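Engineer: I have a structure I would like to understand better, so I am pasting it below and will then ask my questions one at a time.
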Amino acid sequence: LAPPITPDITTSEGILSAGIRYQLPLFQGFAHQNAIALAHLAVKAGEIDYALKREELIYTIKSLYYQGLGLHQHKEALQTHLQALQTLRERVEREIALGKRAPLELLKVKSQLAQLRARLEEVSNGIEQVKTRLHALTATSIDGFEPAQEEERQIQGKPLVLQKLDLHLAQRAKEVQKAKSAIYPHLFFEASYLGNFAKGEGARLWQGGVRMRYTLWDFGYAQERIQEAKIQRAAAIHQAKAQRALLQAKIEGTKLQIASLREEVAALKVQLDLARRIEEIEALKYEHGRSTIDDYLQAVAKTKGVQAQLAQKRSQLSTQIAYLNYLKAVR
């Protein structure tokens, strides 16, 4: 379509064109569809990352709390031990004054008290460190540690870690499809409405149609992008298999540790009951002069040692159950 304008000379000089043009992509090799799909996958990946970070924070707080609880129970056992030794020291001092005991026995009790106070101070410092870390994570003050026990959650569904792997694989597959869009022809619908003006004359015209754009040769750039996307997808598949195997190994290993810790807790309960009976017997024997103070101090230390081990194993058991819940967590 040519406007009816004929300048004085055969040239385009003095012609003014103005108008509007509209272009609508009809087909671009599914580039836009794949870009939208990638955007949706990125949103889902962000949600899963947030859920994973949340579960990780919960596990970290729980593990610190159970660690603090174990130290708190250990401290209580040490304080009970300390009170028992202080009572024993007072009794030995009275009996020395009466000539019933040798001064050496008092020195042995004082030595045990000094060691116990040092250990008590060490445990107290550990508790304060745990409280500080919990305060940094929760922005709340921790006054004490109430007795608590973690329970294994019955979780149905795919763990968050596997959901993240599946989304990563889906993203890589979409990136391959997006890269392939460059090898397809691109179609556009175009329409325009123009006005040409020159020498005081003017004419208006419109036109419309479909335009196709196809790259015949780009020096292998498109194929290189496709190959790079395929390599990244293959690497993601390999990494996903390794991560799935690792997750399964962690779950099975944690379950074995939980079973082992439960057996240890049960055994320590039996040992604690026996140690308490032996301590009572040694106390009677020492009171009636049928055993030395070393035997009695050893029995007391054995009882408190088993109590400390039991508190530690219970703390480890709850921590491992919390870790298992973290590994199996779902949204």
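Letters for chains follow the order of the structure tokens (A, B, ...), residue numbers begin at 1 for each chain, and ligand numbers begin at 1 in the order shown.
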Name the residues of range 138-277 of chain A that fall into helix (DSSP H, G or I) according to DSSP on the backbone, using the chain letters and numbers of this document, as a count of residues only.
Structural biologist: 82
Engineer: Near range 95-103 of chain A, within 10 Å and counting only C-alpha atoms, which residues show up once chain neighbours fewer than 6 positions away are dropped, as number ranges by chain?
Structural biologist: A: 89, 289, 293
Engineer: Compile the contact shell of Ile15 in chain A as an MDAnalysis selection string: residues with an atom at most 8 Å away, counting only C-alpha atoms, same-chain residues fewer than 5 positions apart removed.
Structural biologist: chainID A and resid 196:199
Engineer: With N, CA and C atoms retained, could you export that selection as a PDB file, in the first residue's frame?
Structural biologist:
ATOM      1  N   ASN A 196       0.986   9.279   6.490  1.00  0.00           N
ATOM      2  CA  ASN A 196       2.112   9.880   5.794  1.00  0.00           C
ATOM      3  C   ASN A 196       1.737  11.304   5.383  1.00  0.00           C
ATOM      4  N   PHE A 197       2.656  12.236   5.605  1.00  0.00           N
ATOM      5  CA  PHE A 197       2.377  13.639   5.314  1.00  0.00           C
ATOM      6  C   PHE A 197       3.560  14.257   4.577  1.00  0.00           C
ATOM      7  N   ALA A 198       3.238  15.064   3.510  1.00  0.00           N
ATOM      8  CA  ALA A 198       4.280  15.783   2.774  1.00  0.00           C
ATOM      9  C   ALA A 198       3.640  16.851   1.890  1.00  0.00           C
ATOM     10  N   LYS A 199       4.251  18.024   1.809  1.00  0.00           N
ATOM     11  CA  LYS A 199       3.803  19.110   0.930  1.00  0.00           C
ATOM     12  C   LYS A 199       2.345  19.477   1.159  1.00  0.00           C
TER      13      LYS A 199
END
Engineer: Please tabulate, as CSV, the residues of range 274-328 of chain A that come within 7 Å of range 143-155 of chain A, each with its closest pair of atoms and the distance in Å to one decimal, counting only C-alpha atoms and ordering rows by chain, then residue number upward.
Structural biologist:
residue,atom,partner,partner_atom,distance
A:Ser318,CA,A:Glu150,CA,4.8
A:Ile321,CA,A:Glu152,CA,5.8
A:Ala322,CA,A:Glu150,CA,6.4
A:Asn325,CA,A:Arg153,CA,6.3
A:Lys328,CA,A:Ile155,CA,6.9
Engineer: May I have the residues within 12 Å of Gln207 in chain A as a VMD selection string, using only C-alpha atoms and disregarding those fewer than 2 positions away in the same chain?
Structural biologist: chain A and resid 1 to 2 19 to 23 189 to 195 204 to 205 209 to 210
Engineer: Save the residues we just selected, N, CA and C atoms, as a JSON list (two decimals), in the first residue's frame?
Structural biologist:
[["chain", "number", "residue", "atom", "x", "y", "z"],
["A", 1, "LEU", "N", 0.85, -1.19, 0.00],
["A", 1, "LEU", "CA", 0.00, 0.00, 0.00],
["A", 1, "LEU", "C", 0.89, 1.24, 0.00],
["A", 2, "ALA", "N", 0.75, 2.10, -0.96],
["A", 2, "ALA", "CA", 1.57, 3.31, -1.06],
["A", 2, "ALA", "C", 0.67, 4.52, -1.00],
["A", 19, "GLY", "N", 2.21, 7.13, 13.47],
["A", 19, "GLY", "CA", 1.14, 6.17, 13.68],
["A", 19, "GLY", "C", 1.44, 5.25, 14.84],
["A", 20, "ILE", "N", 0.69, 4.17, 14.92],
["A", 20, "ILE", "CA", 0.87, 3.19, 15.99],
["A", 20, "ILE", "C", 1.04, 1.81, 15.38],
["A", 21, "ARG", "N", 1.79, 0.98, 16.12],
["A", 21, "ARG", "CA", 2.01, -0.39, 15.66],
["A", 21, "ARG", "C", 1.80, -1.32, 16.85],
["A", 22, "TYR", "N", 1.18, -2.46, 16.59],
["A", 22, "TYR", "CA", 0.89, -3.45, 17.64],
["A", 22, "TYR", "C", 1.51, -4.77, 17.22],
["A", 23, "GLN", "N", 2.20, -5.40, 18.15],
["A", 23, "GLN", "CA", 2.84, -6.69, 17.88],
["A", 23, "GLN", "C", 2.48, -7.67, 18.99],
["A", 189, "PHE", "N", 1.98, -11.75, 15.37],
["A", 189, "PHE", "CA", 0.91, -11.02, 14.69],
["A", 189, "PHE", "C", 1.20, -9.53, 14.82],
["A", 190, "GLU", "N", 1.16, -8.83, 13.65],
["A", 190, "GLU", "CA", 1.48, -7.42, 13.64],
["A", 190, "GLU", "C", 0.37, -6.64, 12.95],
["A", 191, "ALA", "N", 0.05, -5.49, 13.49],
["A", 191, "ALA", "CA", -0.93, -4.59, 12.89],
["A", 191, "ALA", "C", -0.46, -3.16, 13.12],
["A", 192, "SER", "N", -0.69, -2.30, 12.13],
["A", 192, "SER", "CA", -0.25, -0.92, 12.24],
["A", 192, "SER", "C", -1.25, 0.02, 11.58],
["A", 193, "TYR", "N", -1.28, 1.23, 12.08],
["A", 193, "TYR", "CA", -2.10, 2.30, 11.49],
["A", 193, "TYR", "C", -1.20, 3.52, 11.39],
["A", 194, "LEU", "N", -0.91, 3.95, 10.13],
["A", 194, "LEU", "CA", 0.08, 4.98, 9.88],
["A", 194, "LEU", "C", -0.53, 6.14, 9.11],
["A", 195, "GLY", "N", 0.11, 7.29, 9.24],
["A", 195, "GLY", "CA", -0.25, 8.46, 8.44],
["A", 195, "GLY", "C", 1.00, 9.06, 7.83],
["A", 204, "ARG", "N", -3.63, 8.09, 4.99],
["A", 204, "ARG", "CA", -3.60, 7.14, 6.09],
["A", 204, "ARG", "C", -3.77, 5.72, 5.56],
["A", 205, "LEU", "N", -3.11, 4.81, 6.20],
["A", 205, "LEU", "CA", -3.23, 3.42, 5.78],
["A", 205, "LEU", "C", -3.06, 2.51, 7.00],
["A", 209, "GLY", "N", -0.81, -8.56, 9.55],
["A", 209, "GLY", "CA", -0.34, -9.83, 9.03],
["A", 209, "GLY", "C", 0.41, -10.63, 10.09],
["A", 210, "VAL", "N", 0.92, -11.73, 9.69],
["A", 210, "VAL", "CA", 1.68, -12.62, 10.56],
["A", 210, "VAL", "C", 3.12, -12.68, 10.06]]
Engineer: Rounded to one decimal in Å, what is the spacing between CA of Arg54 in chain A and CA of Lys131 in chain A?
Structural biologist: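 Atom-to-atom, CA of Arg54 in chain A to CA of Lys131 in chain A, that is 20.2 Å.
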Engineer: Might you pull out every residue within 9 Å of range 250-262 of chain A, with only C-alpha atoms counted and same-chain residues fewer than 5 positions away left off, and present them as a ChimeraX atom specification?
Structural biologist: /A:245,267,313-314,316-318,320-321,323-324,327-328
Engineer: With only C-alpha atoms as the counted atoms, please give the residues lying no more than 8 Å from Leu64 in chain A, apart from itself and same-chain residues fewer than 6 positions off, as a ChimeraX atom specification.
Structural biologist: /A:130,133-134
Engineer: Mind dumping the selected residues with C-alpha atoms as an mmCIF file, in the first residue's frame?
Structural biologist:
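Writing done, so here's out.cif:
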data_model
loop_
_atom_site.group_PDB
_atom_site.id
_atom_site.type_symbol
_atom_site.label_atom_id
_atom_site.label_comp_id
_atom_site.auth_asym_id
_atom_site.auth_seq_id
_atom_site.Cartn_x
_atom_site.Cartn_y
_atom_site.Cartn_z
ATOM 1 C CA VAL A 130 23.473 -23.292 76.585
ATOM 2 C CA ARG A 133 22.808 -19.841 72.769
ATOM 3 C CA LEU A 134 19.096 -20.446 73.306
#
Engineer: Counting only C-alpha atoms, which of A:His135, A:Lys180, A:Arg331, A:Arg91 gets nearest to Glu228 in chain A?
Structural biologist: A:Lys180
Engineer: Please, what distance in Å, to one decimal, runs between CA of Leu57 in chain A and CA of Leu137 in chain A?
Structural biologist: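 Those two atoms sit 8.1 Å apart.
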Engineer: Nearest residue to Gln33 in chain A out of A:Ser111, A:Gln67, A:Leu310, A:Gln177, using only C-alpha atoms?
Structural biologist: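 Among the listed residues, A:Gln177 lies closest to Gln33 in chain A.
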Engineer: Which residue, A:Arg94, A:Lys62, A:His81, A:His74, has the smallest gap to Leu113 in chain A when you use only C-alpha atoms?
Structural biologist: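 With only C-alpha atoms as the atom set, the closest residue is A:His81.
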